[in-house]
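start39.cif (mmCIF, C-alpha atoms and all ligand atoms)
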```
data_work
#
loop_
_atom_site.label_atom_id
_atom_site.label_comp_id
_atom_site.auth_asym_id
_atom_site.auth_seq_id
_atom_site.Cartn_x
_atom_site.Cartn_y
_atom_site.Cartn_z
CA MET A 15 117.17 -42.25 46.20
CA GLU A 16 119.47 -45.20 45.52
CA ILE A 17 121.64 -45.07 42.40
CA LYS A 18 119.99 -48.26 41.17
CA GLU A 19 116.62 -46.43 41.04
CA LEU A 20 118.04 -43.11 39.89
CA SER A 21 119.73 -44.77 36.92
CA GLN A 22 116.33 -45.76 35.48
CA LYS A 23 115.69 -42.09 34.80
CA TYR A 24 118.62 -42.23 32.36
CA LYS A 25 117.82 -45.59 30.76
CA GLN A 26 116.42 -44.17 27.51
CA TYR A 27 118.87 -41.26 27.49
CA VAL A 28 121.87 -43.59 27.52
CA ILE A 29 120.40 -45.71 24.71
CA ASP A 30 119.67 -42.61 22.62
CA MET A 31 123.16 -41.21 23.13
CA ARG A 32 124.77 -44.53 22.29
CA ARG A 33 122.77 -44.78 19.07
CA GLU A 34 123.67 -41.24 18.12
CA PHE A 35 127.39 -41.86 18.67
CA HIS A 36 127.04 -45.15 16.81
CA MET A 37 125.62 -43.41 13.75
CA HIS A 38 128.45 -40.86 13.71
CA PRO A 39 131.66 -42.78 14.43
CA GLU A 40 134.99 -40.96 14.23
CA LEU A 41 138.51 -42.35 14.01
CA SER A 42 141.14 -41.98 16.73
CA MET A 43 142.23 -38.43 17.54
CA GLN A 44 139.62 -37.08 15.10
CA GLU A 45 136.58 -37.32 17.42
CA LYS A 46 135.53 -33.71 16.78
CA ARG A 47 131.79 -34.16 16.51
CA THR A 48 131.68 -36.67 19.36
CA ALA A 49 133.60 -34.37 21.71
CA GLY A 50 131.43 -31.43 20.68
CA ARG A 51 128.25 -33.38 21.48
CA ILE A 52 129.65 -34.50 24.83
CA MET A 53 130.43 -30.86 25.71
CA GLU A 54 126.87 -29.90 24.72
CA GLU A 55 125.32 -32.63 26.83
CA LEU A 56 127.44 -31.85 29.90
CA THR A 57 126.73 -28.13 29.51
CA LYS A 58 122.99 -28.89 29.31
CA MET A 59 123.29 -30.70 32.64
CA GLY A 60 125.15 -27.72 34.09
CA ILE A 61 128.42 -29.64 34.44
CA PRO A 62 131.56 -27.56 33.77
CA CYS A 63 133.76 -29.10 31.08
CA VAL A 64 136.80 -28.31 28.94
CA PRO A 65 138.26 -29.83 25.77
CA MET A 66 141.31 -31.95 26.47
CA ALA A 67 143.89 -34.01 24.54
CA GLY A 68 142.74 -32.49 21.26
CA THR A 69 139.42 -34.25 20.78
CA GLY A 70 138.71 -35.35 24.35
CA VAL A 71 136.64 -33.73 27.10
CA LEU A 72 137.12 -33.35 30.84
CA GLY A 73 134.00 -32.67 32.91
CA ILE A 74 134.05 -31.90 36.62
CA ILE A 75 131.32 -32.53 39.19
CA LYS A 76 132.12 -30.95 42.52
CA GLY A 77 130.12 -32.33 45.42
CA SER A 78 128.71 -30.07 48.13
CA HIS A 79 131.08 -31.63 50.66
CA GLU A 80 134.88 -31.69 50.71
CA GLY A 81 136.55 -34.98 49.97
CA LYS A 82 138.66 -37.10 47.65
CA THR A 83 138.75 -37.06 43.86
CA ILE A 84 137.89 -39.91 41.53
CA ALA A 85 138.27 -40.01 37.76
CA LEU A 86 135.82 -42.02 35.65
CA ARG A 87 136.97 -42.79 32.14
CA ALA A 88 135.30 -43.53 28.80
CA ASP A 89 137.09 -43.83 25.47
CA ILE A 90 135.24 -42.42 22.47
CA ASP A 91 136.96 -43.44 19.20
CA ALA A 92 135.81 -45.80 16.43
CA LEU A 93 137.53 -48.16 13.97
CA GLU A 94 138.23 -48.52 10.23
CA ILE A 95 135.54 -51.16 9.71
CA THR A 96 132.50 -51.14 7.41
CA GLU A 97 129.42 -51.97 9.48
CA LYS A 98 127.50 -55.05 8.36
CA ASN A 99 124.57 -54.65 10.76
CA ASP A 100 121.18 -53.72 9.41
CA VAL A 101 119.88 -51.58 12.25
CA PRO A 102 118.21 -48.15 12.35
CA TYR A 103 121.27 -46.73 14.10
CA LYS A 104 123.76 -48.17 11.59
CA SER A 105 126.96 -46.17 11.00
CA GLN A 106 126.41 -43.33 8.56
CA VAL A 107 130.12 -43.00 7.87
CA ASP A 108 131.50 -45.22 5.13
CA GLY A 109 134.27 -47.50 6.35
CA VAL A 110 134.11 -46.30 9.95
CA MET A 111 132.28 -48.11 12.74
CA HIS A 112 131.96 -48.20 16.50
CA ALA A 113 132.93 -51.88 16.50
CA CYS A 114 134.57 -51.82 19.92
CA GLY A 115 131.67 -50.30 21.83
CA HIS A 116 133.31 -46.99 22.65
CA ASP A 117 129.96 -45.40 21.67
CA ALA A 118 128.49 -47.27 24.63
CA HIS A 119 131.32 -46.12 26.89
CA ALA A 120 130.75 -42.45 26.05
CA ALA A 121 126.98 -42.85 26.57
CA MET A 122 127.36 -44.69 29.90
CA LEU A 123 129.64 -41.99 31.25
CA LEU A 124 127.16 -39.30 30.19
CA GLY A 125 124.46 -41.25 32.02
CA ALA A 126 126.69 -41.45 35.09
CA ALA A 127 127.29 -37.70 34.81
CA GLY A 128 123.52 -37.15 34.99
CA ILE A 129 123.12 -39.45 38.00
CA LEU A 130 126.06 -37.96 39.92
CA ASN A 131 125.01 -34.42 39.09
CA ASP A 132 121.54 -35.16 40.50
CA MET A 133 123.27 -36.32 43.70
CA LYS A 134 125.65 -33.38 43.94
CA ASP A 135 124.26 -32.15 47.25
CA GLU A 136 125.16 -35.38 49.04
CA LEU A 137 128.41 -35.98 47.17
CA LYS A 138 131.63 -35.94 49.26
CA GLY A 139 134.39 -34.84 46.95
CA THR A 140 134.97 -34.45 43.23
CA VAL A 141 134.26 -36.59 40.19
CA LYS A 142 136.31 -36.02 37.06
CA LEU A 143 134.67 -37.29 33.88
CA MET A 144 137.37 -38.26 31.39
CA PHE A 145 136.10 -38.67 27.83
CA GLN A 146 139.30 -39.88 26.22
CA PRO A 147 140.11 -39.82 22.51
CA GLY A 148 142.43 -42.19 20.63
CA GLU A 149 142.34 -45.40 22.66
CA GLU A 150 142.73 -47.56 19.55
CA VAL A 151 146.05 -45.87 18.72
CA ALA A 152 147.23 -45.83 22.36
CA LYS A 153 147.68 -42.07 22.31
CA GLY A 154 144.67 -40.67 24.15
CA ALA A 155 145.37 -41.72 27.74
CA LYS A 156 148.97 -40.49 27.60
CA LYS A 157 147.76 -37.13 26.26
CA MET A 158 145.03 -36.78 28.88
CA ILE A 159 147.63 -37.41 31.61
CA GLU A 160 150.09 -34.96 30.04
CA GLU A 161 147.41 -32.29 30.04
CA GLY A 162 146.64 -32.82 33.71
CA ALA A 163 143.50 -35.00 33.72
CA LEU A 164 144.88 -37.00 36.66
CA ASP A 165 146.08 -34.02 38.71
CA GLY A 166 144.75 -34.39 42.25
CA VAL A 167 143.06 -37.70 41.39
CA ASP A 168 143.08 -40.41 44.10
CA GLU A 169 141.37 -43.20 42.19
CA VAL A 170 140.43 -44.14 38.63
CA PHE A 171 137.70 -46.39 37.27
CA GLY A 172 136.83 -47.55 33.77
CA MET A 173 134.77 -50.10 31.88
CA HIS A 174 134.70 -51.90 28.54
CA VAL A 175 131.75 -53.67 26.91
CA MET A 176 132.58 -57.12 25.55
CA GLY A 177 130.79 -59.25 22.99
CA ASN A 178 132.00 -62.58 24.34
CA ILE A 179 130.82 -62.14 27.92
CA PRO A 180 127.13 -62.82 28.62
CA THR A 181 124.81 -59.90 29.19
CA GLY A 182 123.89 -59.36 32.81
CA ARG A 183 127.41 -60.15 33.96
CA ILE A 184 130.26 -57.79 34.79
CA ALA A 185 133.76 -59.24 34.98
CA ILE A 186 136.36 -57.95 37.42
CA GLY A 187 139.73 -59.19 38.57
CA ALA A 188 142.73 -57.99 40.57
CA GLY A 189 146.28 -58.02 39.25
CA ALA A 190 147.51 -58.13 35.67
CA ARG A 191 144.47 -58.72 33.46
CA MET A 192 145.56 -57.36 30.10
CA ALA A 193 148.94 -57.39 28.36
CA SER A 194 151.27 -54.59 27.40
CA ALA A 195 151.67 -53.89 23.68
CA ASP A 196 154.90 -52.27 22.54
CA VAL A 197 156.51 -52.08 19.10
CA PHE A 198 160.05 -52.27 17.81
CA LYS A 199 162.06 -51.89 14.63
CA ILE A 200 165.44 -53.48 13.99
CA THR A 201 167.73 -52.32 11.21
CA VAL A 202 170.60 -54.61 10.21
CA LYS A 203 173.45 -53.17 8.17
CA GLY A 204 175.73 -55.51 6.24
CA LYS A 205 177.74 -55.21 3.03
CA GLY A 206 176.39 -56.16 -0.38
CA GLY A 207 178.11 -58.57 -2.70
CA HIS A 208 177.75 -61.48 -5.10
CA GLY A 209 175.81 -64.51 -3.93
CA SER A 210 178.68 -66.75 -5.06
CA MET A 211 181.26 -64.89 -2.92
CA PRO A 212 179.61 -64.49 0.52
CA HIS A 213 183.00 -64.23 2.26
CA LEU A 214 183.57 -60.85 0.59
CA ALA A 215 180.18 -59.53 1.76
CA VAL A 216 178.35 -59.14 5.09
CA ASP A 217 175.01 -60.91 4.82
CA ALA A 218 172.10 -58.92 6.26
CA VAL A 219 169.62 -61.74 5.56
CA LEU A 220 171.62 -64.30 7.54
CA THR A 221 172.14 -61.81 10.38
CA ALA A 222 168.45 -60.89 10.51
CA SER A 223 167.45 -64.56 10.52
CA ALA A 224 169.78 -65.25 13.43
CA ILE A 225 168.39 -62.26 15.32
CA VAL A 226 164.80 -63.51 14.87
CA MET A 227 165.83 -66.91 16.25
CA ASN A 228 167.89 -65.54 19.15
CA LEU A 229 165.15 -63.14 20.28
CA GLN A 230 163.04 -66.19 21.08
CA SER A 231 165.45 -67.02 23.91
CA ILE A 232 164.02 -64.04 25.81
CA ALA A 233 160.85 -65.98 26.56
CA SER A 234 162.68 -69.26 27.22
CA ARG A 235 165.91 -68.14 28.91
CA GLU A 236 165.80 -64.50 30.03
CA VAL A 237 162.40 -64.12 31.70
CA SER A 238 161.12 -66.30 34.55
CA PRO A 239 158.87 -69.16 33.43
CA MET A 240 156.29 -67.70 35.82
CA ASP A 241 156.07 -64.55 33.68
CA THR A 242 154.47 -64.53 30.27
CA VAL A 243 156.27 -62.70 27.50
CA VAL A 244 155.90 -62.60 23.73
CA VAL A 245 158.48 -61.22 21.31
CA SER A 246 157.18 -61.42 17.74
CA VAL A 247 158.86 -60.26 14.58
CA GLY A 248 155.97 -59.74 12.20
CA LYS A 249 157.76 -58.19 9.28
CA LEU A 250 161.17 -58.74 7.71
CA VAL A 251 162.18 -56.92 4.56
CA SER A 252 165.50 -57.53 2.85
CA GLY A 253 167.21 -58.20 -0.45
CA THR A 254 166.56 -57.49 -4.11
CA ARG A 255 167.65 -60.53 -6.14
CA PHE A 256 168.49 -64.23 -5.75
CA ASN A 257 172.22 -63.84 -6.35
CA ILE A 258 172.87 -60.61 -4.50
CA ILE A 259 173.89 -60.61 -0.86
CA ALA A 260 171.58 -58.12 0.86
CA ASP A 261 173.29 -55.18 2.54
CA GLU A 262 170.34 -54.27 4.74
CA ALA A 263 167.42 -55.91 6.54
CA VAL A 264 164.59 -54.17 8.39
CA MET A 265 162.36 -55.98 10.88
CA GLU A 266 159.29 -54.84 12.76
CA GLY A 267 157.63 -56.55 15.65
CA THR A 268 155.75 -56.34 18.91
CA THR A 269 156.23 -57.42 22.52
CA ARG A 270 153.57 -58.39 25.08
CA CYS A 271 153.86 -59.05 28.79
CA PHE A 272 151.93 -58.72 32.03
CA SER A 273 154.32 -56.97 34.40
CA TYR A 274 155.87 -53.51 34.63
CA GLU A 275 159.25 -55.06 35.61
CA VAL A 276 159.49 -57.40 32.62
CA ARG A 277 158.33 -54.63 30.31
CA ASP A 278 161.04 -52.25 31.55
CA LYS A 279 163.77 -54.86 30.99
CA LEU A 280 162.78 -55.95 27.48
CA PRO A 281 164.52 -53.21 25.43
CA GLU A 282 167.89 -53.85 27.17
CA MET A 283 167.65 -57.62 26.74
CA MET A 284 166.74 -57.25 23.10
CA LYS A 285 169.49 -54.74 22.45
CA ARG A 286 172.16 -57.03 23.92
CA ILE A 287 170.98 -60.02 21.86
CA ILE A 288 170.62 -57.98 18.67
CA LYS A 289 174.04 -56.33 18.96
CA SER A 290 175.96 -59.47 19.83
CA THR A 291 174.22 -61.51 17.14
CA ALA A 292 175.01 -58.88 14.53
CA GLU A 293 178.63 -58.87 15.66
CA THR A 294 178.86 -62.63 15.23
CA TYR A 295 178.10 -62.14 11.54
CA ARG A 296 180.29 -59.01 11.13
CA ALA A 297 177.18 -56.85 10.70
CA GLU A 298 175.75 -53.95 12.67
CA ALA A 299 172.24 -53.63 14.06
CA GLU A 300 170.15 -50.92 15.68
CA LEU A 301 167.04 -51.29 17.81
CA GLU A 302 164.28 -48.70 17.94
CA TYR A 303 161.85 -49.50 20.76
CA ASN A 304 158.58 -47.70 21.42
CA PHE A 305 156.47 -48.13 24.54
CA LEU A 306 152.83 -48.03 23.42
CA THR A 307 150.59 -49.55 26.07
CA ALA A 308 151.40 -50.75 29.58
CA PRO A 309 149.92 -53.94 31.03
CA THR A 310 146.55 -53.37 32.72
CA ILE A 311 147.13 -54.15 36.39
CA ASN A 312 144.02 -53.79 38.55
CA HIS A 313 144.46 -52.91 42.20
CA GLU A 314 143.11 -55.33 44.76
CA VAL A 315 141.28 -52.87 47.01
CA SER A 316 139.68 -51.18 43.99
CA THR A 317 138.59 -54.51 42.53
CA GLU A 318 136.95 -55.55 45.81
CA ARG A 319 135.18 -52.19 45.92
CA ALA A 320 133.93 -52.77 42.37
CA ARG A 321 132.56 -56.16 43.41
CA LYS A 322 130.45 -54.51 46.11
CA SER A 323 129.33 -51.73 43.78
CA ILE A 324 128.13 -54.30 41.23
CA GLU A 325 126.26 -56.18 43.95
CA LYS A 326 124.46 -52.96 44.89
CA ILE A 327 123.27 -52.05 41.40
CA MET A 328 122.70 -55.64 40.20
CA SER A 329 123.34 -58.75 42.31
CA ALA A 330 126.13 -60.98 43.57
CA ASP A 331 125.41 -63.32 40.64
CA ALA A 332 126.23 -60.55 38.20
CA VAL A 333 129.89 -60.55 39.26
CA MET A 334 132.18 -62.70 37.18
CA GLU A 335 135.90 -63.44 37.47
CA LEU A 336 137.84 -61.66 34.72
CA PRO A 337 140.28 -63.99 32.96
CA LYS A 338 143.68 -62.76 31.77
CA VAL A 339 143.61 -61.68 28.13
CA ALA A 340 146.45 -60.89 25.75
CA GLY A 341 144.69 -57.82 24.38
CA SER A 342 145.70 -54.40 25.63
CA GLU A 343 144.00 -51.20 26.74
CA ASP A 344 145.46 -47.76 27.31
CA PHE A 345 143.46 -47.41 30.54
CA SER A 346 146.64 -49.05 31.87
CA GLU A 347 148.35 -45.65 31.63
CA TYR A 348 146.08 -44.29 34.37
CA LEU A 349 146.58 -47.42 36.51
CA GLU A 350 150.33 -46.92 36.37
CA LYS A 351 149.82 -43.54 38.07
CA VAL A 352 146.90 -44.02 40.48
CA PRO A 353 145.03 -46.97 42.02
CA GLY A 354 141.93 -48.22 40.29
CA THR A 355 140.34 -51.06 38.38
CA PHE A 356 138.96 -51.82 34.93
CA ALA A 357 135.71 -53.78 34.65
CA ILE A 358 134.36 -55.67 31.64
CA VAL A 359 130.64 -55.39 30.95
CA GLY A 360 129.09 -58.42 29.23
CA THR A 361 126.78 -57.54 26.35
CA ALA A 362 126.39 -60.89 24.54
CA ASN A 363 122.73 -61.80 24.10
CA GLU A 364 121.78 -64.44 21.55
CA ALA A 365 118.16 -63.27 21.41
CA LYS A 366 119.38 -59.83 20.35
CA ASN A 367 122.10 -61.13 18.02
CA THR A 368 124.85 -59.39 20.01
CA CYS A 369 127.34 -62.24 20.35
CA PHE A 370 129.91 -61.07 17.82
CA THR A 371 133.31 -60.26 19.25
CA ASN A 372 134.60 -56.71 19.46
CA HIS A 373 136.08 -55.43 16.18
CA HIS A 374 133.71 -57.66 14.13
CA PRO A 375 131.70 -55.82 11.41
CA GLN A 376 128.51 -57.11 13.07
CA PHE A 377 129.50 -56.20 16.62
CA ASP A 378 126.52 -54.86 18.55
CA ILE A 379 125.55 -54.73 22.21
CA ASP A 380 122.63 -55.61 24.44
CA GLU A 381 121.55 -52.05 25.22
CA ASP A 382 119.97 -53.14 28.53
CA MET A 383 123.50 -53.08 29.93
CA LEU A 384 123.96 -49.36 29.21
CA GLU A 385 121.90 -48.32 32.21
CA LYS A 386 123.84 -50.80 34.36
CA GLY A 387 127.13 -49.37 33.15
CA ALA A 388 126.03 -45.82 33.91
CA ALA A 389 124.85 -46.93 37.35
CA LEU A 390 128.11 -48.77 38.03
CA HIS A 391 130.21 -45.71 37.19
CA ALA A 392 128.13 -43.63 39.60
CA GLN A 393 127.95 -46.31 42.32
CA TYR A 394 131.70 -46.92 42.21
CA ALA A 395 132.41 -43.18 42.44
CA VAL A 396 130.07 -42.73 45.41
CA ASP A 397 131.38 -45.86 47.18
CA PHE A 398 134.96 -44.61 46.80
CA LEU A 399 134.20 -41.05 47.90
CA ASN A 400 132.19 -42.20 50.93
CA GLU A 401 135.04 -44.37 52.23
CA GLN A 402 137.03 -42.77 55.05
NI NI A 501 137.97 -50.95 22.88
#
```
Since I need it in another form, could you write the structure as structure tokens?
Ligand code: NI
Amino acid sequence: MEIKELSQKYKQYVIDMRREFHMHPELSMQEKRTAGRIMEELTKMGIPCVPMAGTGVLGIIKGSHEGKTIALRADIDALEITEKNDVPYKSQVDGVMHACGHDAHAAMLLGAAGILNDMKDELKGTVKLMFQPGEEVAKGAKKMIEEGALDGVDEVFGMHVMGNIPTGRIAIGAGARMASADVFKITVKGKGGHGSMPHLAVDAVLTASAIVMNLQSIASREVSPMDTVVVSVGKLVSGTRFNIIADEAVMEGTTRCFSYEVRDKLPEMMKRIIKSTAETYRAEAELEYNFLTAPTINHEVSTERARKSIEKIMSADAVMELPKVAGSEDFSEYLEKVPGTFAIVGTANEAKNTCFTNHHPQFDIDEDMLEKGAALHAQYAVDFLNEQ
């Protein structure tokens, strides 16, 4: 049987699972119940699975024939949002909601597990099912990799539902599609004094201000105009009183870019500018830089494969070009290690009132796409494993 037909068997199952996860959302790295239910469901299907990354799960389907290994990924965490939808499957947890559709992701991957398990006898190779915790805090993917989820994996595939892409469409695109998201903290040390005698003090406010300004030259003068980069200082805390020269200033900010090379160079560029600016004003400054999420860079071959997989389970019209977005996704961590691609499943349907963007308190999805998502996971896996 074709996957397109086989997936119909799981249509209701995927909807039911999604609704169940939706009713019981759990915050990042606390997905205890969710992971427990996933283990139960996989065990019921006879699929071996182990807990991973604290509150994640790794399931393994071994085909009857030798071959390559592909990892399919779903994230499973929810957000600190109070749901404003009035639906039978509304969140039962106060202040927590599956407003990014990770309930759908977990359900679609369970559906795919069912489909692929049914096809085990004809399967050439191994499918790893990665149910990843903590995407929203950019911790889960790193932890899954640390604990060996990608060991022996040749290819990775993932999906995200999106409330601003029409239902019935799946968006794909090669190259950098989502930005990196890293954070930094700058501490400026000066010397306090009287506001009327600045020459006897070292002004942390003036130094910090100059640093904020000079950091903007990274985008305009340090990085090629062909590369996009953002350096934003979002928080600056300093001083206690109008006539006291501040002896310290602390800034926090974030960087975004679309290439591994630019991302790697940013801390050094920033450090040089921060140090030399501080020196100009007789102050000292330290930079603390934390890499959170890499840019999501989809591989070309994988993206072309996804196009064909979508055509098989839906139609050529279903495929849509994925525009670049400045959001970020920790699926990028897997893509930095192995080839793969990340597809965006459209779930916006005006008739069903599912056009709110992700992270909105009324975010909801067109559940007809759940079966398609499950089918696409399975189809992509089979298409990859069948390739010589
Ligand atoms: Ni998300």
Task: Residues within 7 Å of ligand NI 501 (chain A), counting only C-alpha atoms and all ligand atoms, as a list in words - done: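 Taking only C-alpha atoms and all ligand atoms into account, the residues around ligand NI 501 (chain A) at most 7 Å away are Cys114, Gly115, His116, Glu150 and His174 of chain A.
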Could you produce a table of the residues of range 149-210 of chain A lying within 12 Å of range 331-345 of chain A, with the nearest pair of atoms per residue and their separation in Å rounded to one decimal, using all atoms listed in the file, ordered by chain and increasing residue number, as a tab-separated table?
```
residue	atom	partner	partner_atom	distance
A:Glu149	CA	A:Asp344	CA	6.1
A:Glu150	CA	A:Glu343	CA	8.2
A:Val151	CA	A:Asp344	CA	8.8
A:Ala152	CA	A:Asp344	CA	5.6
A:Lys153	CA	A:Asp344	CA	7.9
A:Gly154	CA	A:Asp344	CA	7.8
A:Ala155	CA	A:Asp344	CA	6.1
A:Lys156	CA	A:Asp344	CA	8.1
A:Lys157	CA	A:Asp344	CA	10.9
A:Met158	CA	A:Phe345	CA	10.9
A:Ile159	CA	A:Phe345	CA	10.9
A:Val170	CA	A:Phe345	CA	9.2
A:Phe171	CA	A:Phe345	CA	8.9
A:Gly172	CA	A:Phe345	CA	7.4
A:Met173	CA	A:Phe345	CA	9.2
A:His174	CA	A:Glu343	CA	9.5
A:Met176	CA	A:Leu336	CA	11.5
A:Asn178	CA	A:Leu336	CA	11.9
A:Ile179	CA	A:Met334	CA	9.4
A:Pro180	CA	A:Ala332	CA	9.9
A:Thr181	CA	A:Ala332	CA	9.1
A:Gly182	CA	A:Ala332	CA	6.0
A:Arg183	CA	A:Ala332	CA	4.4
A:Ile184	CA	A:Val333	CA	5.3
A:Ala185	CA	A:Met334	CA	4.4
A:Ile186	CA	A:Leu336	CA	4.8
A:Gly187	CA	A:Leu336	CA	4.9
A:Ala188	CA	A:Leu336	CA	8.5
A:Gly189	CA	A:Lys338	CA	9.2
A:Ala190	CA	A:Lys338	CA	7.2
A:Arg191	CA	A:Lys338	CA	4.4
A:Met192	CA	A:Val339	CA	5.1
A:Ala193	CA	A:Ala340	CA	5.0
A:Ser194	CA	A:Ser342	CA	5.8
A:Ala195	CA	A:Ser342	CA	6.3
A:Asp196	CA	A:Ser342	CA	9.9
```
Wanna dump the range 269-318 of chain A-range 383-401 of chain A contacts at 12 Å for me, each residue with its shortest atom pair and the distance in Å to one decimal, counting only C-alpha atoms, ordered by chain and number, as a tab-separated table?
```
residue	atom	partner	partner_atom	distance
A:Val315	CA	A:Phe398	CA	10.4
A:Ser316	CA	A:Phe398	CA	8.6
A:Thr317	CA	A:Tyr394	CA	10.3
A:Glu318	CA	A:Tyr394	CA	10.7
```
Based on the selection just made, write C-alpha atoms of those residues as an mmCIF file, keeping the file's coordinate frame.
```
data_model
loop_
_atom_site.group_PDB
_atom_site.id
_atom_site.type_symbol
_atom_site.label_atom_id
_atom_site.label_comp_id
_atom_site.auth_asym_id
_atom_site.auth_seq_id
_atom_site.Cartn_x
_atom_site.Cartn_y
_atom_site.Cartn_z
ATOM 1 C CA VAL A 315 141.280 -52.870 47.010
ATOM 2 C CA SER A 316 139.680 -51.180 43.990
ATOM 3 C CA THR A 317 138.590 -54.510 42.530
ATOM 4 C CA GLU A 318 136.950 -55.550 45.810
#
```
Open item on the list: I'd like to know which of A:His38, A:Lys249, A:His374, A:Lys289 is closest to Asn228 in chain A, using only C-alpha atoms.
Closed with: A:Lys289
TODO: Can you work out which one of A:Asp132, A:Glu55, A:Glu97, A:Asp382 has the shortest atom-to-atom distance to His112 in chain A, counting all atoms listed in the file?
DONE: A:Glu97
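Take the candidates A:Ala308, A:Gly177, A:Leu56, A:Lys134 and check each one against Ala362 in chain A using all atoms listed in the file; the shortest distance goes to A:Gly177.
With all atoms listed in the file as the basis for measurement, A:Arg270 is the residue among A:Lys199, A:Arg270, A:Lys76, A:His213 that approaches Asp241 in chain A most closely.
Here CA of Leu349 in chain A and CA of Leu164 in chain A stand 10.6 Å from one another.
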Open item on the list: Under the rule that only C-alpha atoms are counted, which of A:Asp91, A:Glu300, A:Asp261, A:Glu282 is the nearest residue to Met43 in chain A?
Closed with: A:Asp91
Open item on the list: As an exercise, work out the distance from CA of Arg235 in chain A to CA of Ile200 in chain A in Å and give it to one decimal place.
Closed with: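 Between CA of Arg235 in chain A and CA of Ile200 in chain A the gap is 20.9 Å.
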Open item on the list: Need the shell around Arg51 in chain A: protein/DNA/RNA residues with any atom at most 10 Å away, counting all atoms listed in the file. Skip same-chain ones fewer than 6 positions apart. Format as an NGL selection string?
Closed with: :A and (31 or 34-35 or 57)
Open item on the list: When you look at Asn257 in chain A with a cut-off of 10 Å (counting only C-alpha atoms), what residues show up, excluding the ones that are within fewer than 4 positions of it in the same chain? I need them as an MDAnalysis selection string.
Closed with: chainID A and resid 207:211 253
- [ ] May I ask for the distance between CA of Tyr24 in chain A and CA of Ile52 in chain A, given in Å to one decimal place?
- [x] 15.4 Å
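The shortest atom-to-atom distance to Met283 in chain A, with all atoms listed in the file taken into account, belongs to A:Glu236 out of A:Asp89, A:Glu236, A:Glu314, A:Glu364.
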- [ ] Would you list the contacts of Ala330 in chain A as number ranges by chain, taking every protein, DNA or RNA residue within 10 Å and counting only C-alpha atoms, but skipping same-chain residues closer than 5 positions in sequence?
- [x] A: 183, 321-325
Edge lengths and centre in Å to one decimal, as lines of an AutoDock Vina configuration file, is what I'm after for the box along x, y and z that holds all listed atoms of range 164-173 of chain A once 6 Å is added on each side.
```
center_x = 140.4
center_y = -42.1
center_z = 38.0
size_x = 23.3
size_y = 28.1
size_z = 24.2
```
Open item on the list: Distance cut-off 9 Å, centre (123.9, -38.9, 48.2) in file coordinates, counting only C-alpha atoms: which residues qualify? Return them as a PyMOL selection string.
Closed with: chain A and resi 15-17+130+132-138+396
Residues within 12 Å of (133.8, -39.5, 32.2), file coordinates, counting only C-alpha atoms: what are they? Give the list as an mmCIF file with C-alpha atoms, in the frame of the given file.
```cif
data_model
loop_
_atom_site.group_PDB
_atom_site.id
_atom_site.type_symbol
_atom_site.label_atom_id
_atom_site.label_comp_id
_atom_site.auth_asym_id
_atom_site.auth_seq_id
_atom_site.Cartn_x
_atom_site.Cartn_y
_atom_site.Cartn_z
ATOM 1 C CA ALA A 49 133.600 -34.370 21.710
ATOM 2 C CA ILE A 52 129.650 -34.500 24.830
ATOM 3 C CA MET A 53 130.430 -30.860 25.710
ATOM 4 C CA LEU A 56 127.440 -31.850 29.900
ATOM 5 C CA ILE A 61 128.420 -29.640 34.440
ATOM 6 C CA CYS A 63 133.760 -29.100 31.080
ATOM 7 C CA GLY A 70 138.710 -35.350 24.350
ATOM 8 C CA VAL A 71 136.640 -33.730 27.100
ATOM 9 C CA LEU A 72 137.120 -33.350 30.840
ATOM 10 C CA GLY A 73 134.000 -32.670 32.910
ATOM 11 C CA ILE A 74 134.050 -31.900 36.620
ATOM 12 C CA ILE A 75 131.320 -32.530 39.190
ATOM 13 C CA ILE A 84 137.890 -39.910 41.530
ATOM 14 C CA ALA A 85 138.270 -40.010 37.760
ATOM 15 C CA LEU A 86 135.820 -42.020 35.650
ATOM 16 C CA ARG A 87 136.970 -42.790 32.140
ATOM 17 C CA ALA A 88 135.300 -43.530 28.800
ATOM 18 C CA ASP A 89 137.090 -43.830 25.470
ATOM 19 C CA ILE A 90 135.240 -42.420 22.470
ATOM 20 C CA HIS A 119 131.320 -46.120 26.890
ATOM 21 C CA ALA A 120 130.750 -42.450 26.050
ATOM 22 C CA ALA A 121 126.980 -42.850 26.570
ATOM 23 C CA MET A 122 127.360 -44.690 29.900
ATOM 24 C CA LEU A 123 129.640 -41.990 31.250
ATOM 25 C CA LEU A 124 127.160 -39.300 30.190
ATOM 26 C CA GLY A 125 124.460 -41.250 32.020
ATOM 27 C CA ALA A 126 126.690 -41.450 35.090
ATOM 28 C CA ALA A 127 127.290 -37.700 34.810
ATOM 29 C CA GLY A 128 123.520 -37.150 34.990
ATOM 30 C CA LEU A 130 126.060 -37.960 39.920
ATOM 31 C CA VAL A 141 134.260 -36.590 40.190
ATOM 32 C CA LYS A 142 136.310 -36.020 37.060
ATOM 33 C CA LEU A 143 134.670 -37.290 33.880
ATOM 34 C CA MET A 144 137.370 -38.260 31.390
ATOM 35 C CA PHE A 145 136.100 -38.670 27.830
ATOM 36 C CA GLN A 146 139.300 -39.880 26.220
ATOM 37 C CA PRO A 147 140.110 -39.820 22.510
ATOM 38 C CA ALA A 163 143.500 -35.000 33.720
ATOM 39 C CA VAL A 170 140.430 -44.140 38.630
ATOM 40 C CA PHE A 171 137.700 -46.390 37.270
ATOM 41 C CA GLY A 172 136.830 -47.550 33.770
ATOM 42 C CA MET A 173 134.770 -50.100 31.880
ATOM 43 C CA GLY A 387 127.130 -49.370 33.150
ATOM 44 C CA ALA A 388 126.030 -45.820 33.910
ATOM 45 C CA HIS A 391 130.210 -45.710 37.190
ATOM 46 C CA ALA A 392 128.130 -43.630 39.600
ATOM 47 C CA ALA A 395 132.410 -43.180 42.440
#
```
